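Asker: Pasting work_33.csv below, which is CSV, C-alpha atoms.
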```csv
chain,number,residue,atom,x,y,z
A,733,MET,CA,75.5,130.5,61.8
A,734,THR,CA,76.7,131.6,65.2
A,735,PRO,CA,80.4,131.1,66.0
A,736,ALA,CA,81.3,128.7,68.9
A,737,PRO,CA,82.1,130.5,72.2
A,738,GLY,CA,85.7,131.4,72.6
A,739,PRO,CA,87.9,132.1,75.6
A,740,PHE,CA,87.5,135.9,75.3
A,741,ASP,CA,83.8,136.2,74.5
A,742,GLY,CA,82.6,136.1,78.1
A,743,SER,CA,81.5,132.4,78.0
A,744,THR,CA,81.5,130.7,81.4
A,745,GLU,CA,82.6,127.3,80.3
A,746,PRO,CA,85.0,125.8,82.9
A,747,SER,CA,88.6,125.2,82.0
A,748,PRO,CA,89.6,121.6,81.2
A,749,ALA,CA,91.3,121.4,84.6
A,750,ALA,CA,88.2,122.7,86.4
A,751,ALA,CA,86.0,120.3,84.4
A,752,ASP,CA,88.4,117.4,85.4
A,753,GLN,CA,88.2,118.4,89.1
A,754,ALA,CA,84.4,118.5,88.9
A,755,ARG,CA,84.4,115.0,87.2
A,756,LEU,CA,86.6,113.7,90.0
A,757,ARG,CA,84.3,115.1,92.6
A,758,ARG,CA,81.2,113.5,91.0
A,759,LEU,CA,83.0,110.2,90.9
A,760,ALA,CA,84.1,110.5,94.5
A,761,ALA,CA,80.5,111.2,95.6
A,762,SER,CA,79.3,108.0,94.0
A,763,GLN,CA,78.9,104.7,95.7
A,764,ASP,CA,78.9,103.0,92.3
A,765,GLU,CA,81.6,100.5,91.7
A,766,GLN,CA,82.3,101.6,88.1
A,767,ALA,CA,82.7,105.2,89.2
A,768,TRP,CA,85.2,104.2,91.8
A,769,ALA,CA,87.0,102.0,89.3
A,770,GLU,CA,87.3,105.1,87.0
A,771,LEU,CA,88.5,107.2,89.9
A,772,TYR,CA,91.1,104.6,90.7
A,773,GLN,CA,92.3,104.4,87.1
A,774,ARG,CA,92.6,108.1,87.0
A,775,LEU,CA,94.4,108.7,90.3
A,776,ALA,CA,96.2,105.5,91.2
A,777,PRO,CA,99.0,105.7,88.7
A,778,ALA,CA,100.3,109.1,90.0
A,779,MET,CA,99.7,108.0,93.6
A,780,PHE,CA,101.6,104.8,93.0
A,781,ALA,CA,104.5,106.6,91.3
A,782,VAL,CA,104.8,109.0,94.3
A,783,ALA,CA,104.5,106.2,96.9
A,784,ARG,CA,107.0,104.1,94.9
A,785,ARG,CA,109.6,106.8,94.9
A,786,LEU,CA,109.1,107.7,98.5
A,787,THR,CA,109.1,104.2,99.9
A,788,ARG,CA,111.5,102.7,97.4
A,789,ALA,CA,109.5,99.5,97.5
A,790,ALA,CA,106.8,98.5,95.1
A,791,GLY,CA,105.0,96.3,97.6
A,792,ASP,CA,104.9,99.1,100.2
A,793,ALA,CA,103.7,101.6,97.6
A,794,GLU,CA,100.9,99.3,96.4
A,795,ASP,CA,99.8,98.7,100.0
A,796,ALA,CA,99.7,102.4,100.7
A,797,VAL,CA,97.7,103.2,97.6
A,798,GLN,CA,95.1,100.5,98.3
A,799,GLN,CA,94.9,101.6,102.0
A,800,THR,CA,94.5,105.2,100.9
A,801,PHE,CA,91.6,104.3,98.5
A,802,LEU,CA,89.9,102.4,101.2
A,803,GLN,CA,90.1,105.5,103.4
A,804,LEU,CA,89.0,107.8,100.6
A,805,PHE,CA,85.9,105.6,100.0
A,806,ARG,CA,85.0,105.6,103.7
A,807,ALA,CA,85.3,109.5,103.7
A,808,ARG,CA,83.8,109.9,100.2
A,809,ALA,CA,81.6,112.8,101.3
A,810,ALA,CA,84.6,114.9,102.3
A,811,PHE,CA,86.5,113.7,99.3
A,812,ALA,CA,83.7,114.8,97.0
A,813,ARG,CA,83.7,118.2,98.6
A,814,ALA,CA,87.4,118.7,98.1
A,815,GLU,CA,88.2,121.6,95.8
A,816,ALA,CA,91.1,119.7,94.3
A,817,PRO,CA,90.4,115.9,94.6
A,818,ARG,CA,93.8,114.9,93.1
A,819,ALA,CA,95.6,116.9,95.8
A,820,TYR,CA,93.2,115.6,98.5
A,821,ALA,CA,94.0,112.0,97.4
A,822,LEU,CA,97.8,112.7,97.5
A,823,ARG,CA,97.5,114.3,100.9
A,824,ALA,CA,95.6,111.2,102.1
A,825,LEU,CA,98.4,109.0,100.6
A,826,ARG,CA,101.0,111.1,102.4
A,827,HIS,CA,99.2,110.5,105.7
A,828,THR,CA,99.0,106.7,105.0
A,829,LEU,CA,102.7,106.7,104.2
A,830,ALA,CA,103.5,108.5,107.5
A,831,ARG,CA,101.5,105.9,109.4
A,832,GLN,CA,103.3,103.1,107.6
A,833,ALA,CA,106.7,104.6,108.2
A,834,PRO,CA,107.8,102.1,110.8
A,835,ARG,CA,106.8,99.2,108.5
A,836,VAL,CA,108.1,100.7,105.3
A,837,SER,CA,111.5,99.5,104.0
A,838,ALA,CA,113.2,102.8,104.7
A,839,SER,CA,116.5,101.1,105.3
A,840,LEU,CA,117.0,100.2,101.6
A,841,THR,CA,120.3,101.3,100.2
A,842,GLU,CA,120.5,103.3,97.0
A,843,ASP,CA,121.6,100.2,95.1
A,844,ASP,CA,118.5,98.3,96.4
A,845,ALA,CA,116.3,101.2,95.2
A,846,VAL,CA,117.8,101.1,91.8
A,847,ALA,CA,117.6,97.3,91.6
A,848,ALA,CA,113.9,97.4,92.7
A,849,ALA,CA,112.9,100.1,90.2
A,850,PRO,CA,110.1,99.4,87.8
A,851,SER,CA,111.3,98.5,84.3
A,852,ASP,CA,110.5,101.9,82.9
A,853,GLU,CA,112.9,103.5,85.3
A,854,LEU,CA,115.8,101.1,84.6
A,855,GLU,CA,116.9,103.2,81.7
A,856,ARG,CA,117.3,106.3,83.8
A,857,ALA,CA,120.9,107.2,84.6
A,858,PRO,CA,122.2,105.7,87.8
A,859,GLU,CA,123.6,109.2,88.6
A,860,LEU,CA,120.1,110.6,88.7
A,861,ASP,CA,118.9,107.8,91.0
A,862,ARG,CA,121.8,108.5,93.4
A,863,ALA,CA,121.1,112.3,93.2
A,864,LEU,CA,117.4,111.8,94.0
A,865,ALA,CA,118.2,109.5,96.9
A,866,ALA,CA,120.7,112.0,98.3
A,867,LEU,CA,118.0,114.8,98.5
A,868,PRO,CA,116.6,115.6,101.9
A,869,PHE,CA,113.3,113.8,102.3
A,870,GLU,CA,111.2,117.1,102.4
A,871,GLN,CA,112.7,118.2,99.1
A,872,ARG,CA,112.4,114.7,97.4
A,873,GLU,CA,108.8,114.5,98.6
A,874,ALA,CA,108.0,118.0,97.2
A,875,LEU,CA,109.7,117.1,93.9
A,876,GLU,CA,107.9,113.7,93.5
A,877,LEU,CA,104.5,115.1,94.5
A,878,LYS,CA,104.9,118.1,92.1
A,879,LEU,CA,106.1,116.0,89.1
A,880,GLU,CA,104.2,112.7,89.6
A,881,GLY,CA,101.1,114.2,91.1
A,882,GLU,CA,101.0,117.0,88.5
A,883,LEU,CA,100.1,119.5,91.3
A,884,THR,CA,100.2,123.3,91.3
A,885,PHE,CA,102.3,124.9,94.0
A,886,ALA,CA,99.0,125.8,95.8
A,887,GLU,CA,97.9,122.1,95.7
A,888,LEU,CA,101.4,121.0,96.7
A,889,GLY,CA,101.4,123.3,99.7
A,890,GLU,CA,98.0,121.9,100.7
A,891,VAL,CA,99.2,118.3,100.4
A,892,LEU,CA,102.3,119.1,102.4
A,893,GLY,CA,100.5,121.3,105.0
A,894,VAL,CA,102.7,124.3,104.3
A,895,PRO,CA,102.2,127.6,102.4
A,896,ALA,CA,102.5,127.4,98.6
A,897,ASP,CA,105.7,129.5,98.7
A,898,THR,CA,107.3,127.0,101.1
A,899,ALA,CA,106.3,124.1,98.8
A,900,ALA,CA,107.7,126.0,95.8
A,901,SER,CA,110.9,126.7,97.7
A,902,ARG,CA,111.3,123.0,98.6
A,903,TYR,CA,110.7,122.0,95.0
A,904,ARG,CA,113.2,124.6,93.6
A,905,ARG,CA,115.9,123.7,96.1
A,906,ALA,CA,115.5,120.0,95.1
A,907,LEU,CA,115.9,121.0,91.4
A,908,GLU,CA,119.0,123.1,92.3
A,909,LYS,CA,120.6,120.3,94.2
A,910,LEU,CA,119.9,117.9,91.4
A,911,ARG,CA,121.5,120.3,88.9
A,912,GLU,CA,124.5,120.7,91.2
A,913,ARG,CA,125.0,117.0,91.6
A,914,LEU,CA,124.3,116.0,88.0
A,915,GLY,CA,126.4,118.9,86.7
A,916,GLY,CA,129.3,117.8,88.7
A,917,ALA,CA,128.9,114.2,87.5
A,918,ARG,CA,129.4,115.1,83.9
```
How would this structure read if it were set down as structure tokens?
Answerer:
Amino acid sequence: MTPAPGPFDGSTEPSPAAADQARLRRLAASQDEQAWAELYQRLAPAMFAVARRLTRAAGDAEDAVQQTFLQLFRARAAFARAEAPRAYALRALRHTLARQAPRVSASLTEDDAVAAAPSDELERAPELDRALAALPFEQREALELKLEGELTFAELGEVLGVPADTAASRYRRALEKLRERLGGAR
């Protein structure tokens, strides 16, 4: 009996992340409704979480995700060629949010944002909500995309349109400011 190929035996099996990216590309290339339903199920939760945190309004976030998926479907050939489809989708979402900026409820207060939070976020400490809301937008955006979008720094840089090192710096500065604010709140 021959042992199963392992990570150090020279096998060329793709990593789970690479296999996932390939699966997303195949789904994106399809015109099949079920394929796009699966694609939506796999990408929309992270996209909604990012949009929800950046817009601070569930309705605006839902609109942005739906609009983005329409755009992705229309540009499915380019989407299917993307090296990192998850990052591509989040970059498309970012562009949608930028176009919606005048309509988005950006004038919400911190208390409004906390009150409008989904039920799973209601248990989070109000101090954390205030600390997140106080971050400069570029840092909050980098933090949300990195955490909710589960992106690497290279992908985050691609989404933000900046070098990976700049994306990493924004993320780290956001974490440092959160630590400072939350450390002082204790």
Asker: Compile the contact shell of A:Thr898 as a PyMOL selection string: residues with an atom at most 12 Å away, counting all atoms listed in the file, same-chain residues fewer than 3 positions apart removed.
Answerer: chain A and resi 870-871+874+885-895+901-905
Asker: Expressed in Å to a single decimal, how great is the separation between atom CA of A:Thr800 and atom CA of A:Thr828?
Answerer: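 Interatomic distance, atom CA of A:Thr800 to atom CA of A:Thr828: 6.3 Å.
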Asker: Pick out the closest residue to A:Ala814 from this set: A:Gln832, A:Thr884, A:Gln753, A:Gln799. Count only C-alpha atoms.
Answerer: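 So, comparing all the options, the nearest one is A:Gln753.
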Asker: Given only C-alpha atoms as the basis, pick out the residue of A:Leu879, A:Leu910, A:Ala789, A:Ala824 nearest to A:Phe811.
Answerer: A:Ala824
Asker: Rounded to one decimal in Å, what is the spacing between atom CA of A:Ala863 and atom CA of A:Ala790?
Answerer: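 Value for the atom CA of A:Ala863-atom CA of A:Ala790 distance: 20.0 Å.
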Asker: I'd like the interatomic distance between atom CA of A:Arg831 and atom CA of A:Leu775, to a tenth of an Å.
Answerer: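 Computing the Euclidean distance for atom CA of A:Arg831 and atom CA of A:Leu775 yields 20.6 Å.
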Asker: I need the residue nearest A:Ala796 from this list: A:Leu877, A:Leu864, A:Ala776, A:Ala809. Use only C-alpha atoms for the distance.
Answerer: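 Among A:Leu877, A:Leu864, A:Ala776, A:Ala809, it is A:Ala776 that comes nearest to A:Ala796.
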Asker: Using all atoms listed in the file, which of the listed residues (A:Ala761, A:Ala751, A:Leu875, A:Met779) sits closest to A:Ala819?
Answerer: A:Met779
Asker: Go through A:Asp792, A:Glu859, A:Glu873, A:Asp897 one by one, measure the shortest atom-to-atom distance of each to A:Ala833 using only C-alpha atoms, and give the residue with the smallest value.
Answerer: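 So, comparing all the options, the nearest one is A:Asp792.
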Asker: Between A:Leu914, A:Leu907, A:Val782, A:Ala750, which residue has the minimum interatomic distance to A:Glu815, considering all atoms listed in the file?
Answerer: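 Among A:Leu914, A:Leu907, A:Val782, A:Ala750, it is A:Ala750 that comes nearest to A:Glu815.
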